[in-house]
Amino acid sequence: MDTSVDYKKAEASARVRGRVFGVVKGVFLALWAVIVLFPFYWMVLTSVKSYSQYSSESVPKLFTLHPVFENYVSAFTEVPLARYLANTLIFAVGTTLIMLVVITLAAFAFARLQFRGKNAVFVFFLSLMMIPNELVIITNFVTITNMNLRNTFAGLILPSVTSVFYIYLLKENFEQIPDSLYYAAKVDGTSDFRYLWKVMLPISKPTMTTITILKVIECWNLYVWPRLITDDQNYYLVSNGIQEIRENGFGRENIPAMMAAVVVISVPLIVLFLIFRKQIMAGVSRGGLKQ
């Protein structure tokens with residue numbers, strides 16, 4: 001009898017601790033969400049304030065009763081924001097498509113083909129991940145300049161058409177596919193390329209989707225390289241175009257118009273992430289786990 005009472009007390013105590021932990025965790029996550037989302041809220045709020053309203057606020061207000069949208073109109077009429085968006089779309093799509101071809105072939109070679117020194121070459125590739133990108137920018141700049149590719153989409157795209165990390169991620173995913181499928185395909189006379197296209201890529205679709213989305217986001221946010229390799233406004237991307245807008249467009253003081261332009265630039269990435277967030281998480285987790 002005493003044992004039964006003690007068990008019920010322990011069970012009730014465990015339920016109470018679980019509820020308390022759930023409440024504490026919920027409060028912490030809610031607080032963290034506010035901290036993370038507040039800059040986005042402030043950006044949108046500022047973008048719907050007129051310049052006079054924003055300038056007259058000695059103490060910034062957390063809301064506005066009279067939102068205006070003239071800043072969004074100015075973002076497309078007073079500065080070439082549409083051109084920056086189009087340039088960035090061309091850069092992101094072109095870079096991502098070429099990179100997918102490169103990393104897919106490289107990952108397939110490391111995962112399935114047998115050649116002398118494969119492990120040594122792969123270790124060398126992985127060691128390149130320890131080199132910061134900033135260290136190779138000067139080399140890339142000199143190379144692109146010597147090739148007369150400054151202020152061209154080719155000059156923007158070429159240094160970003162491969163990624164050691166994505167090769168590693170895709171290779172790990174390819175290696176999860178049973179070897180028996182490959183040997184059966186070879187017995188049937190299937191070429192390596194056909195096996196890759198018909199078997200490996202469909203199975204690895206979640207990881208490929210994740211890599212595609214992450215690369216598009218990376219290209220959209222790229223700043224240093226476009227700023228270095230282009231000085232022609234016709235080839236500006238949104239990342240360095242926003243600085244041009246600030247300096248020669250709206251002016252340094254028209255913060256609401258600047259925020260409107262930033263909102264327009266940010267919306268495509270936010271929408272992309274919200275639509276494909278499950279695929280991103282599934283692809284990363286699947287690529288990093290051995291079955």
# chains A, B, ... in the order shown; residues from 1 in each chain; ligands from 1

$ closest_atom_pairs --of "region 3-73 of chain A" --to "region 252-275 of chain A" --cutoff "8 Å" --atoms "only C-alpha atoms" --output "tab-separated table"
residue	atom	partner	partner_atom	distance
A:Met43	CA	A:Met259	CA	5.8
A:Val44	CA	A:Val263	CA	6.6
A:Thr46	CA	A:Pro256	CA	5.3
A:Ser47	CA	A:Pro256	CA	4.5
A:Val48	CA	A:Pro256	CA	7.0
A:Lys49	CA	A:Pro256	CA	6.2
A:Ser50	CA	A:Pro256	CA	6.7
A:Tyr51	CA	A:Pro256	CA	6.3
A:Tyr54	CA	A:Pro256	CA	7.3
A:Asn71	CA	A:Ala257	CA	4.8
A:Tyr72	CA	A:Ala260	CA	5.4

$ residues_around --residues "Ile177 (chain A)" --least-positions-apart "2" --cutoff "12 Å" --atoms "only C-alpha atoms" --output "list in words"
Phe108, Ala111, Arg112, Leu170, Lys171, Glu172, Asn173, Phe174, Glu175, Asp179, Ser180, Leu181, Tyr182, Tyr183, Tyr195, Leu196, Val199, Met200, Leu201, Pro202, Ile203, Ser204, Arg286, Gly287, Lys290 and Gln291 of chain A

$ closest_residue --among "A:Thr77, A:Asn151, A:Thr162, A:Thr104" --to "Phe125 (chain A)" --atoms "only C-alpha atoms"
A:Thr162

$ residues_around --residues "Leu126 (chain A)" --least-positions-apart "5" --cutoff "8 Å" --atoms "only C-alpha atoms" --output "ChimeraX atom specification"
/A:164-165,168

$ write_last_selection --atoms "C-alpha atoms" --output "compact mmCIF listing (two decimals), in the first residue's frame"
# COMPACT_ATOMS: atom_id res chain seq x y z
CA VAL A 164 33.17 21.90 -50.75
CA PHE A 165 30.51 21.77 -48.06
CA TYR A 168 30.44 16.73 -48.80

$ atom_distance --atom1 "CA of Ile211 (chain A)" --atom2 "CA of Arg83 (chain A)"
26.2 Å

$ closest_residue --among "A:Met281, A:Leu65, A:Ile131, A:Ala92" --to "Thr209 (chain A)" --atoms "only C-alpha atoms"
A:Met281
